[in-house]
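Undergrad: After the structure tokens below, expect a handful of questions from me.
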Amino acid sequence: MLKDSPSTPPCIHFFEVVMMITKRIVLHFPHRVADQPIVYKLARDYDLEFNILKAYITPEEGGLLVLELRGENKNYNQGIQYLAGVGIETQPLSQDVIRNETRCSHCGVCVPLCPAGAFVVEPSTREVHFHDTKCIACGLCVKFCPIRAMEVSF
Amino acid sequence: MAKTIKEINEKIKKGEAVVVTAEEIIDIVEKKGAKRAAQQVDVVTTGTFGPMCSSGAYINIGHATPRIKLGGEQAYLNDVPLYTGFAAVDALIGATALPDDDPRNKTFPGEFKYGGGHVIEDLVAGKDLELVATAYGTDCYPRKKLETWVNIKDLNEAVLFNPRNAYQNYNVAVNLSDKVIYTYMGMLKPKLGNANYCSAGQLSPLLNDPCYKTIGIGTKIFLGGGVGYVVWQGTQFNPSVPRKENRTPSAPAGCLGVLGDLKRMSPEWLLGTSMLGYGTTLTVGIGIPIPVLNEEICQCTAVKDDDIWTQIVDYSEDYPQGKKGSLGEVDYAQLKTGKIVIEGKEVPTGSLSSYPKAVEIANTLKKWIKKGDFLLTEPVAYLPGPNTGYTFKPLEERPIEN
């Protein structure tokens with residue numbers, strides 16, 4: 001987006017394009033970093049807004065964290081590099097929450113039940129689209145989908 | 001001029017039959033009128049794909065050496081108990097059967113990951129299944145234990161036999177209570193959080209033949225991706241419910257008992273299904289051809305979602321307590337907009353029945369008929385009609401005094 005609002009700092013060129021991005025990612029923590037303030041550093045050092053969607057972190061055992069991160073593209077990439085540097089594997093959330101396309105019958109029972117509104121019916125075909133960018137990885141659909149077409153594999 | 005099924009079959013054999021789906025006939029009748037449409041169209045194909053609990057399959061496993069009599073004893077396929085109350089090596093798999101060690105709803109809501117419906121899907125998919133049986137042993141059937149892999153291709157018979165499928169219309173389920181409930185109509189959020197329905201509406205077989213003028217005992221159908229037959233009215237057949245001017249019932253009414261060769265079916269159209277907090281079932285694909293014998297039948301096949309109404313029922317109190325009553329009436333066009341209004345509140349809707357799959361079934365059946373692979377059958381007997389007084393009764397309990 002073009003950032004030219006009055007709050008733009010004077011040191012930035014008026015027409016400089018600052019790309020803001022929002023991404024949902026899964027962080028796999030090795031046990032040796034499970035006790036470090038990783039999210040705090042992402043916010044402080046890389047100016048990334050975070051929203052914790054899911055967390056299973058046990059000291060000495062490692063764990064998993066699902067985050068929504070928002071910030072400047074440049075800062076986001078540097079933040080990801082920082083994570084890789086300390087040994088945390090990251091991957092897009094969409095790789096971990098998937099719909100088994102051969103199994104899904106497009107019935108649509110998931111549509112009103114998904115708290116994130118990630119399932120939307122296409123009115124002309126009645127097919128159900130899964131918007132993985134909206135998914136918050138709550139895992140509810142995995143249990144209520146009658147034919148078990150949704151899979152979460154962190 | 002009226003047509004006969006025999007005449008239609010002659011056209012099918014010559015590849016001259018005009019076959020359309022129950023969706024396509026709507027526009028044709030709107031543009032040409034039912035009279036002209038009836039002259040031009042020979043067959044209308046319908047379809048439905050939804051969870052149907054009264055489904056099962058009977059099998060004959062063949063005699064082992066030495067022989068064992070499963071009849072009256074215990075037998076399991078992939079840990080799911082079979083009904084064995086038949087002759088020595090016949091058994092029945094019911095869609096809702098659960099392994100003995102399934103925790104059910106002990107940890108609520110139970111997940112019901114694997115049951116009879118899944119066994120049927122795995123069998124149709126050609127997977128090897130574990131058969132374990134114990135017996136008391138007789139002079140002619142001495143063996144007491146059997147543990148073996150079985151595969152559908154080795155069974156003497158594998159027959160899908162569903163006593164109640166293809167409901168003609170169904171309730172819209174809602175929850176008026178203040179806690180989440182888990183039902184056979186899916187998860188229902190509190191205080192009218194969602195409304196679940198289960199019908200293919202304008203594509204649904206019995207809604208296109210509302211008074212059972214063509215669909216009867218002996219009607220050849222698409223069943224689970226193969227060929228099957230209507231063998232009886234479904235259990236709980238209830239043609240006597242209120243009907244609209246177009247003769248479609250505005251509540252659950254007719255249903256069908258169906259049967260077909262499981263060996264020729266496909267796992268794509270028989271899906272093991274797990275209803276959270278409720279149990280297992282089988283999602284079944286059914287398609288029925290309707291011969292357009294006259295203008296009246298043609299007009300019935302042109303029914304639209306806007307013209308099919310159903311009742312909104314509370315599944316937190318009214319349904320479980322057997323209380324009659326409806327929170328209102330709604331048509332399928334409204335349901336398909338994704339929201340309806342109940343007691344002044346906008347409620348999002350969800351469907352348990354897959355409309356895209358119903359379309360696929362109707363199109364598949366259309367293709368079979370157009371190719372000349374599928375001829376229509378004359379019913380050998382008709383189902384009880386709306387004016388026969390045939391109905392469905394609740395259980396009148398008579399306490400047993402010891």
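In the structure tokens, the first chain shown is A, the next is B, and so on; residue numbers restart at 1 for each chain, and ligands run from 1 in the order shown.
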Give me every strand (DSSP E) residue in segment 7-148 of chain A, going by DSSP on the backbone, as a PyMOL selection string.
TA: chain A and resi 20-29+49-58+62-72+89-92+97-99+119-121+128-130
Undergrad: Deliver the residues from the most recent selection as a file, using C-alpha atoms, as an mmCIF file, in the first residue's frame.
TA:
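What landed in selection_12.cif:
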data_model
loop_
_atom_site.group_PDB
_atom_site.id
_atom_site.type_symbol
_atom_site.label_atom_id
_atom_site.label_comp_id
_atom_site.auth_asym_id
_atom_site.auth_seq_id
_atom_site.Cartn_x
_atom_site.Cartn_y
_atom_site.Cartn_z
ATOM 1 C CA MET A 20 2.768 -4.016 4.798
ATOM 2 C CA ILE A 21 2.050 -7.712 4.999
ATOM 3 C CA THR A 22 0.085 -10.020 7.237
ATOM 4 C CA LYS A 23 0.999 -13.690 7.376
ATOM 5 C CA ARG A 24 -0.025 -16.664 9.432
ATOM 6 C CA ILE A 25 2.846 -18.983 10.171
ATOM 7 C CA VAL A 26 3.631 -22.063 12.224
ATOM 8 C CA LEU A 27 6.825 -22.009 14.335
ATOM 9 C CA HIS A 28 8.372 -25.298 15.386
ATOM 10 C CA PHE A 29 10.555 -24.775 18.461
ATOM 11 C CA GLU A 49 2.604 -6.997 15.422
ATOM 12 C CA PHE A 50 1.722 -10.492 16.584
ATOM 13 C CA ASN A 51 -1.401 -12.405 17.379
ATOM 14 C CA ILE A 52 -0.925 -15.808 18.987
ATOM 15 C CA LEU A 53 -3.443 -18.231 17.472
ATOM 16 C CA LYS A 54 -2.212 -21.407 19.083
ATOM 17 C CA ALA A 55 0.648 -22.385 21.352
ATOM 18 C CA TYR A 56 1.978 -25.660 22.730
ATOM 19 C CA ILE A 57 5.278 -24.826 24.347
ATOM 20 C CA THR A 58 6.732 -26.857 27.161
ATOM 21 C CA GLY A 62 10.167 -27.704 22.506
ATOM 22 C CA GLY A 63 6.841 -26.887 20.979
ATOM 23 C CA LEU A 64 4.720 -25.188 18.438
ATOM 24 C CA LEU A 65 3.381 -21.705 18.012
ATOM 25 C CA VAL A 66 0.888 -20.447 15.438
ATOM 26 C CA LEU A 67 1.254 -16.712 14.911
ATOM 27 C CA GLU A 68 -0.267 -14.040 12.788
ATOM 28 C CA LEU A 69 2.458 -11.486 12.070
ATOM 29 C CA ARG A 70 1.883 -8.054 10.584
ATOM 30 C CA GLY A 71 4.507 -5.554 9.617
ATOM 31 C CA GLU A 72 6.654 -4.142 6.852
ATOM 32 C CA GLU A 89 11.554 -23.787 11.614
ATOM 33 C CA THR A 90 8.728 -21.787 10.103
ATOM 34 C CA GLN A 91 6.173 -22.571 7.468
ATOM 35 C CA PRO A 92 2.937 -21.013 6.261
ATOM 36 C CA VAL A 97 -4.276 -27.026 7.654
ATOM 37 C CA ILE A 98 -5.435 -28.724 4.529
ATOM 38 C CA ARG A 99 -8.633 -29.944 3.001
ATOM 39 C CA PHE A 119 -15.432 -21.624 4.372
ATOM 40 C CA VAL A 120 -17.535 -19.820 1.806
ATOM 41 C CA VAL A 121 -20.191 -21.228 -0.543
ATOM 42 C CA VAL A 128 -17.464 -24.680 -0.732
ATOM 43 C CA HIS A 129 -14.214 -22.733 -0.946
ATOM 44 C CA PHE A 130 -11.669 -23.033 1.848
#
Undergrad: Which residues of chain A have any atom within 8 Å of an atom in chain B when counting only C-alpha atoms, and what is the closest pair of atoms for each, with the distance in Å to one decimal? Order the rows by chain and rising number and write it as CSV.
TA:
residue,atom,partner,partner_atom,distance
A:Arg103,CA,B:Glu268,CA,8.0
A:Ser105,CA,B:Ser354,CA,6.0
A:His106,CA,B:Ser354,CA,5.7
A:Cys107,CA,B:Ser354,CA,3.8
A:Gly108,CA,B:Ser351,CA,5.1
A:Val109,CA,B:Gly350,CA,4.3
A:Cys110,CA,B:Gly350,CA,6.8
A:Val111,CA,B:Gly350,CA,6.0
A:Pro112,CA,B:Pro348,CA,5.7
A:Leu113,CA,B:Asn194,CA,7.5
A:Pro123,CA,B:Thr337,CA,7.8
A:Thr125,CA,B:Pro356,CA,6.6
A:Arg126,CA,B:Pro356,CA,6.1
A:Glu127,CA,B:Pro356,CA,6.2
A:Lys143,CA,B:Leu276,CA,6.5
A:Phe144,CA,B:Leu276,CA,5.6
A:Cys145,CA,B:Met275,CA,7.8
A:Pro146,CA,B:Ser274,CA,4.9
A:Ile147,CA,B:Thr273,CA,4.7
A:Arg148,CA,B:Ser274,CA,7.4
Undergrad: Write out as a PyMOL selection string each polymer residue whose atoms come within 8 Å of Thr148 of chain B, counting only C-alpha atoms; drop sequence neighbours fewer than 5 positions from it.
TA: chain B and resi 130-132
Undergrad: Run DSSP on the backbone of this structure and report the residues of segment 125-372 of chain B it assigns to helix (DSSP H, G or I), as a short mmCIF file (atom, residue, chain, number, x, y, z; two decimals) with N, CA and C atoms, in the first residue's frame.
TA:
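Written output follows (result_13.cif):
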data_model
loop_
_atom_site.label_atom_id
_atom_site.label_comp_id
_atom_site.auth_asym_id
_atom_site.auth_seq_id
_atom_site.Cartn_x
_atom_site.Cartn_y
_atom_site.Cartn_z
N ILE B 152 -13.50 -57.75 -0.40
CA ILE B 152 -14.81 -57.81 -1.07
C ILE B 152 -14.80 -58.72 -2.29
N LYS B 153 -13.66 -58.78 -2.96
CA LYS B 153 -13.62 -59.58 -4.19
C LYS B 153 -13.75 -61.09 -3.88
N ASP B 154 -13.43 -61.48 -2.65
CA ASP B 154 -13.51 -62.90 -2.28
C ASP B 154 -14.84 -63.28 -1.63
N GLY B 201 -33.15 -30.69 -2.17
CA GLY B 201 -34.20 -29.77 -2.62
C GLY B 201 -34.69 -30.13 -4.01
N GLN B 202 -34.54 -29.20 -4.94
CA GLN B 202 -35.09 -29.37 -6.29
C GLN B 202 -34.49 -30.55 -7.07
N LEU B 203 -33.38 -31.11 -6.56
CA LEU B 203 -32.78 -32.26 -7.24
C LEU B 203 -33.13 -33.58 -6.55
N PRO B 205 -34.72 -36.90 -5.27
CA PRO B 205 -35.59 -37.81 -6.02
C PRO B 205 -37.08 -37.70 -5.68
N LEU B 206 -37.44 -37.91 -4.42
CA LEU B 206 -38.87 -37.97 -4.10
C LEU B 206 -39.56 -36.61 -4.12
N LEU B 207 -38.79 -35.52 -4.11
CA LEU B 207 -39.43 -34.21 -4.24
C LEU B 207 -39.81 -33.93 -5.69
N LEU B 262 -23.00 -54.35 -3.90
CA LEU B 262 -21.93 -53.53 -3.34
C LEU B 262 -20.63 -53.68 -4.14
N LYS B 263 -20.45 -54.87 -4.72
CA LYS B 263 -19.20 -55.12 -5.45
C LYS B 263 -19.05 -54.19 -6.64
N ARG B 264 -20.16 -53.67 -7.14
CA ARG B 264 -20.08 -52.81 -8.32
C ARG B 264 -20.26 -51.34 -7.96
N PRO B 267 -16.31 -46.27 -3.64
CA PRO B 267 -16.16 -45.57 -2.35
C PRO B 267 -16.38 -44.06 -2.48
N GLU B 268 -16.37 -43.57 -3.72
CA GLU B 268 -16.64 -42.14 -3.91
C GLU B 268 -18.08 -41.80 -3.50
N TRP B 269 -18.96 -42.80 -3.62
CA TRP B 269 -20.38 -42.53 -3.37
C TRP B 269 -20.91 -43.23 -2.12
N GLU B 295 -47.87 -34.84 -18.80
CA GLU B 295 -47.69 -33.44 -18.43
C GLU B 295 -47.61 -33.26 -16.91
N GLU B 296 -48.45 -34.00 -16.19
CA GLU B 296 -48.49 -33.86 -14.73
C GLU B 296 -47.15 -34.26 -14.09
N ILE B 297 -46.61 -35.38 -14.56
CA ILE B 297 -45.31 -35.83 -14.03
C ILE B 297 -44.23 -34.81 -14.39
N CYS B 298 -44.31 -34.29 -15.61
CA CYS B 298 -43.34 -33.30 -16.06
C CYS B 298 -43.38 -32.05 -15.18
N GLN B 299 -44.59 -31.61 -14.89
CA GLN B 299 -44.76 -30.42 -14.04
C GLN B 299 -44.13 -30.65 -12.66
N CYS B 300 -44.31 -31.85 -12.14
CA CYS B 300 -43.75 -32.16 -10.81
C CYS B 300 -42.22 -32.11 -10.83
N THR B 301 -41.61 -32.54 -11.93
CA THR B 301 -40.14 -32.56 -11.98
C THR B 301 -39.56 -31.14 -12.10
N ASP B 305 -36.48 -24.88 -5.82
CA ASP B 305 -36.19 -24.70 -4.39
C ASP B 305 -37.18 -23.74 -3.72
N ASP B 306 -37.60 -22.71 -4.45
CA ASP B 306 -38.54 -21.72 -3.87
C ASP B 306 -39.89 -22.34 -3.54
N ASP B 307 -40.19 -23.47 -4.18
CA ASP B 307 -41.53 -24.07 -4.00
C ASP B 307 -41.52 -25.23 -3.02
N TYR B 332 -36.35 -23.86 0.43
CA TYR B 332 -34.95 -24.20 0.19
C TYR B 332 -34.17 -23.07 -0.50
N ALA B 333 -34.86 -22.22 -1.22
CA ALA B 333 -34.16 -21.08 -1.82
C ALA B 333 -33.65 -20.16 -0.72
N GLN B 334 -34.49 -19.96 0.31
CA GLN B 334 -34.05 -19.14 1.45
C GLN B 334 -32.88 -19.81 2.17
N LEU B 335 -33.00 -21.12 2.39
CA LEU B 335 -31.93 -21.85 3.09
C LEU B 335 -30.60 -21.71 2.34
N TYR B 355 -25.05 -30.51 -2.43
CA TYR B 355 -25.73 -30.19 -3.70
C TYR B 355 -24.82 -30.44 -4.91
N PRO B 356 -23.51 -30.03 -4.86
CA PRO B 356 -22.65 -30.32 -6.02
C PRO B 356 -22.58 -31.81 -6.34
N LYS B 357 -22.57 -32.66 -5.32
CA LYS B 357 -22.53 -34.11 -5.56
C LYS B 357 -23.87 -34.61 -6.10
N ALA B 358 -24.96 -34.00 -5.65
CA ALA B 358 -26.29 -34.38 -6.19
C ALA B 358 -26.35 -34.06 -7.68
N VAL B 359 -25.77 -32.91 -8.07
CA VAL B 359 -25.73 -32.53 -9.49
C VAL B 359 -24.91 -33.56 -10.26
N GLU B 360 -23.78 -33.96 -9.66
CA GLU B 360 -22.90 -34.94 -10.33
C GLU B 360 -23.63 -36.28 -10.53
N ILE B 361 -24.38 -36.69 -9.52
CA ILE B 361 -25.13 -37.95 -9.63
C ILE B 361 -26.18 -37.85 -10.74
N ALA B 362 -26.94 -36.76 -10.74
CA ALA B 362 -27.99 -36.58 -11.76
C ALA B 362 -27.35 -36.57 -13.15
N ASN B 363 -26.18 -35.96 -13.28
CA ASN B 363 -25.50 -35.92 -14.59
C ASN B 363 -24.95 -37.28 -14.98
N THR B 364 -24.45 -38.02 -14.00
CA THR B 364 -23.93 -39.37 -14.28
C THR B 364 -25.05 -40.29 -14.77
N LEU B 365 -26.16 -40.23 -14.06
CA LEU B 365 -27.30 -41.06 -14.45
C LEU B 365 -27.79 -40.66 -15.84
N LYS B 366 -27.80 -39.36 -16.10
CA LYS B 366 -28.20 -38.86 -17.43
C LYS B 366 -27.30 -39.45 -18.52
N LYS B 367 -25.99 -39.46 -18.21
CA LYS B 367 -25.02 -39.99 -19.18
C LYS B 367 -25.25 -41.49 -19.41
N TRP B 368 -25.48 -42.23 -18.33
CA TRP B 368 -25.72 -43.68 -18.46
C TRP B 368 -26.93 -43.94 -19.37
N ILE B 369 -27.99 -43.17 -19.12
CA ILE B 369 -29.23 -43.40 -19.88
C ILE B 369 -29.02 -42.99 -21.34
N LYS B 370 -28.38 -41.85 -21.56
CA LYS B 370 -28.16 -41.39 -22.94
C LYS B 370 -27.30 -42.38 -23.73
#
Undergrad: Please identify all polymer residues within 12 Å of Gln78 of chain A, counting only C-alpha atoms, omitting same-chain residues fewer than 2 positions from it, and present them as a PyMOL selection string.
TA: chain A and resi 41-43+45-48+71-76+80-85
Undergrad: At a cut-off of 7 Å, using only C-alpha atoms, what residues contact segment 63-77 of chain B? Leave out same-chain residues fewer than 5 positions from it and give the result as an MDAnalysis selection string.
TA: chainID B and resid 82 84:89 129:135 141:144
Undergrad: Those residues you just picked out, can you put them in a file as a PDB file, in the first residue's frame with N, CA and C atoms?
TA:
ATOM      1  N   LEU B  82     -20.591 -57.236  13.803  1.00  0.00           N
ATOM      2  CA  LEU B  82     -21.554 -57.526  12.748  1.00  0.00           C
ATOM      3  C   LEU B  82     -22.802 -58.126  13.386  1.00  0.00           C
ATOM      4  N   THR B  84     -25.108 -61.171  13.303  1.00  0.00           N
ATOM      5  CA  THR B  84     -24.893 -62.519  12.763  1.00  0.00           C
ATOM      6  C   THR B  84     -26.123 -63.423  12.883  1.00  0.00           C
ATOM      7  N   GLY B  85     -27.249 -62.862  13.201  1.00  0.00           N
ATOM      8  CA  GLY B  85     -28.419 -63.711  13.441  1.00  0.00           C
ATOM      9  C   GLY B  85     -29.027 -64.320  12.188  1.00  0.00           C
ATOM     10  N   PHE B  86     -28.169 -64.826  11.329  1.00  0.00           N
ATOM     11  CA  PHE B  86     -28.628 -65.490  10.098  1.00  0.00           C
ATOM     12  C   PHE B  86     -27.995 -66.886  10.034  1.00  0.00           C
ATOM     13  N   ALA B  87     -27.908 -67.425   8.818  1.00  0.00           N
ATOM     14  CA  ALA B  87     -27.267 -68.730   8.634  1.00  0.00           C
ATOM     15  C   ALA B  87     -25.757 -68.622   8.892  1.00  0.00           C
ATOM     16  N   ALA B  88     -25.064 -69.766   8.783  1.00  0.00           N
ATOM     17  CA  ALA B  88     -23.686 -69.900   9.286  1.00  0.00           C
ATOM     18  C   ALA B  88     -22.719 -68.774   8.904  1.00  0.00           C
ATOM     19  N   VAL B  89     -22.650 -68.405   7.634  1.00  0.00           N
ATOM     20  CA  VAL B  89     -21.616 -67.431   7.246  1.00  0.00           C
ATOM     21  C   VAL B  89     -22.199 -66.190   6.565  1.00  0.00           C
ATOM     22  N   LEU B 129      -9.843 -56.373   5.085  1.00  0.00           N
ATOM     23  CA  LEU B 129     -10.373 -56.087   6.416  1.00  0.00           C
ATOM     24  C   LEU B 129     -10.153 -57.302   7.314  1.00  0.00           C
ATOM     25  N   GLU B 130     -10.008 -57.021   8.608  1.00  0.00           N
ATOM     26  CA  GLU B 130      -9.780 -58.100   9.574  1.00  0.00           C
ATOM     27  C   GLU B 130     -11.104 -58.684  10.036  1.00  0.00           C
ATOM     28  N   LEU B 131     -11.302 -59.963   9.775  1.00  0.00           N
ATOM     29  CA  LEU B 131     -12.509 -60.636  10.273  1.00  0.00           C
ATOM     30  C   LEU B 131     -12.118 -61.502  11.462  1.00  0.00           C
ATOM     31  N   VAL B 132     -12.773 -61.251  12.594  1.00  0.00           N
ATOM     32  CA  VAL B 132     -12.519 -62.064  13.791  1.00  0.00           C
ATOM     33  C   VAL B 132     -13.864 -62.586  14.283  1.00  0.00           C
ATOM     34  N   ALA B 133     -13.944 -63.889  14.474  1.00  0.00           N
ATOM     35  CA  ALA B 133     -15.217 -64.469  14.922  1.00  0.00           C
ATOM     36  C   ALA B 133     -14.971 -65.553  15.958  1.00  0.00           C
ATOM     37  N   THR B 134     -15.920 -65.649  16.896  1.00  0.00           N
ATOM     38  CA  THR B 134     -15.879 -66.742  17.869  1.00  0.00           C
ATOM     39  C   THR B 134     -17.225 -67.459  17.822  1.00  0.00           C
ATOM     40  N   ALA B 135     -17.189 -68.763  18.083  1.00  0.00           N
ATOM     41  CA  ALA B 135     -18.433 -69.533  18.012  1.00  0.00           C
ATOM     42  C   ALA B 135     -18.420 -70.623  19.066  1.00  0.00           C
ATOM     43  N   TYR B 141     -20.483 -77.708  12.521  1.00  0.00           N
ATOM     44  CA  TYR B 141     -19.623 -76.508  12.444  1.00  0.00           C
ATOM     45  C   TYR B 141     -18.720 -76.493  13.679  1.00  0.00           C
ATOM     46  N   PRO B 142     -17.650 -77.329  13.671  1.00  0.00           N
ATOM     47  CA  PRO B 142     -16.889 -77.551  14.916  1.00  0.00           C
ATOM     48  C   PRO B 142     -15.998 -76.394  15.355  1.00  0.00           C
ATOM     49  N   ARG B 143     -15.640 -75.524  14.426  1.00  0.00           N
ATOM     50  CA  ARG B 143     -14.622 -74.526  14.729  1.00  0.00           C
ATOM     51  C   ARG B 143     -15.146 -73.460  15.694  1.00  0.00           C
ATOM     52  N   LYS B 144     -14.250 -72.993  16.570  1.00  0.00           N
ATOM     53  CA  LYS B 144     -14.674 -72.013  17.579  1.00  0.00           C
ATOM     54  C   LYS B 144     -14.030 -70.654  17.412  1.00  0.00           C
TER      55      LYS B 144
END
Undergrad: Residues near Asn100 of chain A, anyone? I mean within 8 Å using only C-alpha atoms, not counting same-chain ones fewer than 2 positions away, as a ChimeraX atom specification.
TA: /A:98,102-104,149-151
Undergrad: Take the residues that were just selected and, keeping all heavy atoms, output them as an mmCIF file, in the first residue's frame.
TA:
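Generated output (out.cif):
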data_model
loop_
_atom_site.group_PDB
_atom_site.id
_atom_site.type_symbol
_atom_site.label_atom_id
_atom_site.label_comp_id
_atom_site.auth_asym_id
_atom_site.auth_seq_id
_atom_site.Cartn_x
_atom_site.Cartn_y
_atom_site.Cartn_z
ATOM 1 N N ILE A 98 -5.085 -28.455 5.925
ATOM 2 C CA ILE A 98 -5.435 -28.724 4.529
ATOM 3 C C ILE A 98 -6.787 -29.443 4.423
ATOM 4 O O ILE A 98 -7.225 -30.102 5.354
ATOM 5 C CB ILE A 98 -4.358 -29.553 3.797
ATOM 6 C CG1 ILE A 98 -4.052 -30.837 4.574
ATOM 7 C CG2 ILE A 98 -3.107 -28.753 3.534
ATOM 8 C CD1 ILE A 98 -3.304 -31.853 3.753
ATOM 9 N N THR A 102 -10.201 -34.795 -2.334
ATOM 10 C CA THR A 102 -10.930 -35.929 -2.900
ATOM 11 C C THR A 102 -12.038 -36.383 -1.944
ATOM 12 O O THR A 102 -13.017 -36.980 -2.369
ATOM 13 C CB THR A 102 -10.004 -37.134 -3.189
ATOM 14 O OG1 THR A 102 -9.271 -37.431 -2.014
ATOM 15 C CG2 THR A 102 -9.051 -36.844 -4.321
ATOM 16 N N ARG A 103 -11.872 -36.070 -0.659
ATOM 17 C CA ARG A 103 -12.874 -36.522 0.306
ATOM 18 C C ARG A 103 -14.003 -35.506 0.502
ATOM 19 O O ARG A 103 -15.153 -35.874 0.708
ATOM 20 C CB ARG A 103 -12.188 -36.816 1.647
ATOM 21 C CG ARG A 103 -13.057 -37.627 2.554
ATOM 22 C CD ARG A 103 -12.309 -38.445 3.566
ATOM 23 N NE ARG A 103 -13.276 -39.155 4.369
ATOM 24 C CZ ARG A 103 -13.751 -40.354 4.078
ATOM 25 N NH1 ARG A 103 -13.310 -41.003 3.036
ATOM 26 N NH2 ARG A 103 -14.676 -40.921 4.839
ATOM 27 N N CYS A 104 -13.655 -34.220 0.429
ATOM 28 C CA CYS A 104 -14.670 -33.176 0.690
ATOM 29 C C CYS A 104 -15.813 -33.308 -0.309
ATOM 30 O O CYS A 104 -15.596 -33.398 -1.516
ATOM 31 C CB CYS A 104 -14.048 -31.795 0.566
ATOM 32 S SG CYS A 104 -15.284 -30.474 0.674
ATOM 33 N N ALA A 149 -12.945 -34.460 6.237
ATOM 34 C CA ALA A 149 -12.163 -34.010 5.088
ATOM 35 C C ALA A 149 -11.090 -32.994 5.469
ATOM 36 O O ALA A 149 -10.238 -32.668 4.653
ATOM 37 C CB ALA A 149 -13.079 -33.394 4.033
ATOM 38 N N MET A 150 -11.150 -32.477 6.703
ATOM 39 C CA MET A 150 -10.161 -31.469 7.111
ATOM 40 C C MET A 150 -9.057 -32.122 7.933
ATOM 41 O O MET A 150 -9.322 -32.976 8.780
ATOM 42 C CB MET A 150 -10.824 -30.366 7.939
ATOM 43 C CG MET A 150 -11.837 -29.545 7.165
ATOM 44 S SD MET A 150 -11.176 -28.770 5.658
ATOM 45 C CE MET A 150 -9.926 -27.680 6.325
ATOM 46 N N GLU A 151 -7.838 -31.713 7.641
ATOM 47 C CA GLU A 151 -6.686 -32.306 8.330
ATOM 48 C C GLU A 151 -5.778 -31.208 8.857
ATOM 49 O O GLU A 151 -5.469 -30.269 8.128
ATOM 50 C CB GLU A 151 -5.903 -33.192 7.348
ATOM 51 C CG GLU A 151 -6.701 -34.409 6.907
ATOM 52 C CD GLU A 151 -6.157 -35.082 5.661
ATOM 53 O OE1 GLU A 151 -5.050 -34.696 5.207
ATOM 54 O OE2 GLU A 151 -6.838 -35.955 5.132
#
Undergrad: Need to verify the contact set: Arg247 of chain B, 8 Å, only C-alpha atoms, exclusion of same-chain residues closer than 2 positions in sequence. Can you return it as a PyMOL selection string?
TA: chain B and resi 210-211+243-245+249
Undergrad: Just how far from atom CA of Leu270 of chain B is atom CA of Val284 of chain B, in Å to one decimal?
TA: 5.0 Å
